[in-house]
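Undergrad: Sharing a structure below in structure tokens format, with a few things to ask.
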Amino acid sequence: MTTIQQQPRILGPGINRVDGPLKVTGQARYANDFSLPGMAYAAVVRSTIASGRITRIDTTAAEKSAGVMRVITHENADHLAAAPATFIKNPQAPLQDDVIRYHGQYIGVVVADTQQNATAAARLVEVEYELHEALLDPHDPRAERIKDPWGEDTAWGDVRTALKRAPVMIDQTYTTSENTNNPLGLFTTLAAWDGDTLTLHDSNQWPNMVQMVVATMFGVPEDAVRVLTPFVGGGFGAGLRCWSHIPLAVMAARHVGRPVKLELTRPEMFTGLGHRTASFNWIKLGATRDGRLTAIEHESLTTLSMEGDEYEPCSSVSCSAYASPNVTTRDQQVKLNIPWTNFMRAPGDSQGNFALESAIDELAWEVGLDPLEIRLLNYAEVDPKTGRPWSSNALRQCLEIGAQRFGWSRRNPEIRSMREGHELIGYGVAGVSFFWYQQPCSAKVIFRADGSAYVRSAVTDIGTGTYTIMAQLAARLLGLDVEQVEMQLGDSEMPAGAAAGGSGLTAAVGSAVHDACGRLVQKFVDLAATDPFSPLADVGIENVEVSEGRLYRKGDPTRGESLARILAVHGLDELAADGSSTPNSPDELGMTPAGARGARFVEVRVDEDLGRVRLARIVTVNDGGRILNEKLARSQILGGTVGGIGMALFEDTVTDMDTGRIANATFGDYLVPVNADMPDVHIEFVGEPDAFNPIGVKGVGEIGLVGVAAAVANAIFHATGKRIRSLPITMDMLMD
Amino acid sequence: MTTLIVNGMEHPLDLADPRVTLLDALRDRLGLTGTKKGCDQGACGACTVIADGRRILSCLTLAAQCDGREITTIEGLESHPMQDAFMRHDAFQCGYCTSGQIMSAVALLGEDRAGSDDDIREFMSGNLCRCGAYSNIVAAVREVARHA
């Protein structure tokens with residue numbers, strides 16, 4: 001049959017998003033766009049201390065307020081069962097006790113006839129606390145530290161001896177601030193009970209996860225809970241857990257006996273959906289005088305909320321990036337009275353890469369090597385940890401082609417040597433070795449007698465293009481025009497879907513669609529075999545091809561039948577097949593799944609007097625394996641680049657160290673890149689289809705972000721001679 | 001009684017509650033959910049609509065202030081070339097900011113502020129796109145501006 005392996009690395013320049021018409025006309029419906037008859041509105045009440053207990057909570061005034069139907073606090077909340085974990089813990093049910101663990105924790109919910117009435121009444125809830133001292137400083141010796149939280153600390157060779165003997169050493173600390181995902185769409189849950197069944201319109205990146213957690217908490221069977229997420233206004237990791245506002249809305253709907261919509265406000269988006277950890281990275285590099293690495297030691301510390309759980313292995317980047325005979329990596333977490341830390345686009349990698357790629361740059365200066373050359377000199381041809389070959393790895397091409405496109409050779413190696421007017425010019429580079437992640441996933445493919453086909457999987461399209469690329473993939477595999485195929489997703493009743501996270505969804509759902517299409521073609525071949533008049537009666541699947549809706553003998557397009565005709569001959573309206581995918585085992589394949597690879601080249605302009613940094617241009621070259629739709633893949637890299645610019649220069653979730661309150665929880669105060677901050681961006685893909693999954697993709701949702709911050713910092717050093725080791729890099733750090 | 005004129009249609013509204021913003025009136029009272037709420041604080045631009053020819057933030061505008069004003073929302077655009085350009089240039093990802101971006105871009109054409117890429121970037125900077133489609137938004141606006 002037609003297989004994806006026969007297809008080119010880039011499946012054409014890419015088509016427009018199939019959901020584009022809905023999005024440019026305002027017709028795409030996000031969770032907060034749904035309304036139901038009799039629907040009530042909810043507003044949350046949040047704690048105003050970071051640690052302590054509620055000693056009194058008075059809801060009298062709120063209950064008397066106009067339009068209020070119900071006020072729920074820990075004193076009258078339903079007892080809910082423990083929240084089950086997925087690959088990571090979910091927050092436990094809200095309002096189950098009087099304990100305050102962070103500023104902004106939900107302590108009540110008000111339900112009213114209008115949003116205005118609910119919001120106004122929520123402010124009337126009076127709370128008295130017993131205030132405990134909050135642990136807010138990551139270096140507070142009283143704060144609990146978790147060593148090796150994921151069992152992934154790594155050591156090979158003898159780092160201690162190698163560092164002792166190294167003629168050149170870099171020993172530095174690199175820090176990154178907390179950042180907040182801030183998808184533009186306000187996360188919303190619209191909960192509607194019908195007897196013992198529950199329907200949720202919900203913002204998330206994983207409908208089956210929300211379904212499972214809510215069903216368990218409320219003690220109903222999973223199939224009694226339906227989660228609908230046809231569109232979600234971004235996530236960047238914020239939708240990978242069942243956050244507490246979801247069970248709050250469900251509980252509220254049960255209390256008032258009508259549908260309840262709970263839409264978070266922007267300030268609540270800062271405390272209610274997690275945020276990227278702050279990180280501290282201690283890096284030691286040992287090297288020869290000619291710049292060859294002999295040792296890497298990378299230790300990290302990241303922040304964790306009191307009851308939280310988070311996977312943020314910053315140091316793991318140092319296991320795969322460079323060939324070093326001696327490597328040690330260690331991670332620690334510190335528990336604080338802060339809102340949950342959570343995945344935010346490239347968790348661990350974004351921070352760890354900033355540290356490692358800054359340190360490598362420092363080493364280059366120390367030994368007098370070109371920062372590009374030192375990266376090529378220490379290139380990891382095989383997985384340095386296991387010695388196994390990579391499933392694919394075009395990092396060298398990323399660096400070499402990127403350098404060409406950027407004009408790296410025009411760089412004057414001296415610091416402060418390039419300028420235009422009052423602006424100092426700097427060039428910076430960073431390499432990226434991204435991790436690999438894939439979840440199990442299933443999908444169904446249906447072909448109908450009218451020539452239409454449907455692909456179904458309970459996944460989400462958070463803007464990444466899943467609607468489009470899965471329709472394209474199925475069309476390619478079934479020999480149909482993409483217009484004939486509709487991808488349906490965002491409904492927990494569909495075949496169980498993987499999370500839109502970890503850059504793994506395209507591999508997961510794509511491999512499931514690939515499997516389902518193969519099985520569907522097999523079913524057509526089997527059907528044809530039962531028809532003695534079929535030109536395909538005696539042919540096996542290995543000897544058929546499919547294109548333009550027809551199945552035919554390999555090498556002889558005249559001998560075949562249309563899929564529609566095969567259905568008609570057998571009196572069928574449709575034929576469907578289920579497919580699934582599970583991640584391959586590195587041990588069985590004898591190779592290390594490489595993940596995406598990339599290189600960033602950045603030109604900065606720094607105003608010498610004001611310290612203002614302007615990004616002039618970025619060249620970003622990435623190896624994402626097979627690219628299913630280049631137009632959409634480029635958008636993923638572009639979006640990642642913008643996220644990286646934010647991390648490098650703007651984004652900083654500031655906690656008031658006296659109260660534990662996030663002090664800048666609005667878009668007016670928490671800066672994100674705007675259009676005027678954009679440099680010229682050149683995006684290119686290199687590499688080959690990856691050997692690790694059947695469709696050869698690696699996932700490009702996150703890698704675009706990684707490396708931008710380091711390349712910016714390295715360029716700023718080249719421009720100014722100032723080595724900034726903490727993010728974000730702000731004007732005050734660059735003023736003399 | 002307040003009368004909102006939205007996309008050429010008159011909508012008499014009982015605004016006994018003066019706190020209702022234009023944004024909430026559009027979304028919750030008129031069912032025009034194409035206009036989005038991203039911050040409700042006038043900082044993200046997702047709620048941008050055109051009032052009497054000017055782009056405004058509907059979250060910072062009380063519905064009661066709009067009596068008799070001509071409001072155009074994304075639902076009121078009739079196959080505007082900007083919508084087509086946004087699709088061809090992939091000027092959005094999740095799509096949540098898109099209505100506001102397009103309304104801002106359409107108004108920008110009338111403001112004569114789309115002459116250069118720098119101008120487009122500057123005068124589209126009131127509309128945040130967290131997915132980061134900015135360069136593609138500029139490409140879309142530039143193309144429509146040149147053919148206008």
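Going by the structure tokens order, chains are called A, B, ..., each with residues numbered from 1, while ligands are numbered from 1 in the order shown.
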Provide as an MDAnalysis selection string the residues of chain A at most 7 Å from chain B, counting only C-alpha atoms.

TA: chainID A and resid 16 20 23:27 33 116 183:186 232:234 265:266 462:464 635 638:639 642 667:668 674:676

Undergrad: Using DSSP on the backbone coordinates, identify all residues within range 33-113 of chain B classified as strand (DSSP E or B); present the result as a list in words.

TA: Thr48, Val49, Ile50, Ala51, Arg54, Arg55, Ile56, Leu57, Leu62, Glu70, Ile71 and Thr72 of chain B

Undergrad: Rank B:Ala139, B:Thr2, B:His11, B:His147 by their smallest atom-to-atom distance to Cys66 in chain B, using only C-alpha atoms, and report the top residue only.

TA: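 Of B:Ala139, B:Thr2, B:His11, B:His147, the one nearest Cys66 in chain B, counting only C-alpha atoms, is B:Thr2.
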
Undergrad: Calculate how many Å separate CA of Glu299 in chain A from CA of Arg345 in chain A, rounding to one decimal.

TA: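 CA of Arg345 in chain A lies at a distance of 21.1 Å from CA of Glu299 in chain A.
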
Undergrad: Quick one: everything within 6 Å of Val432 in chain A, counting only C-alpha atoms, minus sequence neighbours fewer than 4 positions away in the same chain. Send it as a list in words.

TA: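 Within the cut-off, the hits are Arg597, Gly598, Ala599 and Gly707 of chain A.
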
Undergrad: Could you save the residues just selected, with C-alpha atoms, as a compact mmCIF listing (two decimals), in the first residue's frame?

TA:
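Result went into out_11.txt, see below:
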```
# COMPACT_ATOMS: atom_id res chain seq x y z
CA ARG A 597 17.39 19.60 17.02
CA GLY A 598 17.99 23.25 16.28
CA ALA A 599 20.29 26.23 16.06
CA GLY A 707 17.95 28.38 22.63
```

Undergrad: Might you pull out every residue within 9 Å of Gly53 in chain B, with only C-alpha atoms counted and same-chain residues fewer than 4 positions away left off, and present them as a PDB file with C-alpha atoms, in the first residue's frame?

TA:
```
ATOM      1  CA  GLU B  70     -22.585  51.934  15.055  1.00  0.00           C
ATOM      2  CA  ILE B  71     -20.647  48.896  16.213  1.00  0.00           C
ATOM      3  CA  THR B  72     -18.981  46.468  13.833  1.00  0.00           C
ATOM      4  CA  ALA B 107      -9.375  49.804  11.205  1.00  0.00           C
ATOM      5  CA  GLY B 110      -8.624  53.470   7.474  1.00  0.00           C
TER       6      GLY B 110
END
```

Undergrad: Work out how far apart CA of Glu651 in chain A and CA of Tyr427 in chain A are and give it in Å to one decimal.

TA: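 Going from CA of Glu651 in chain A over to CA of Tyr427 in chain A, I get 22.2 Å.
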
Undergrad: Which residues of range 425-495 of chain A come within 12 Å of range 77-99 of chain A, and for each one, what is the closest pair of atoms and their distance in Å to one decimal, counting only C-alpha atoms, sorted by chain and residue number, as a Markdown table?

TA:
```
| residue | atom | partner | partner_atom | distance |
| --- | --- | --- | --- | --- |
| A:Tyr437 | CA | A:Phe87 | CA | 11.8 |
| A:Gln438 | CA | A:Phe87 | CA | 11.7 |
| A:Gln439 | CA | A:Phe87 | CA | 9.8 |
| A:Pro440 | CA | A:Phe87 | CA | 11.9 |
```

Undergrad: For the structure I just gave you, how does DSSP split range 675-716 of chain A - specifically, which residues are helix (DSSP H, G or I)? Reply as number ranges by chain.

TA: A: 675-677, 708-716
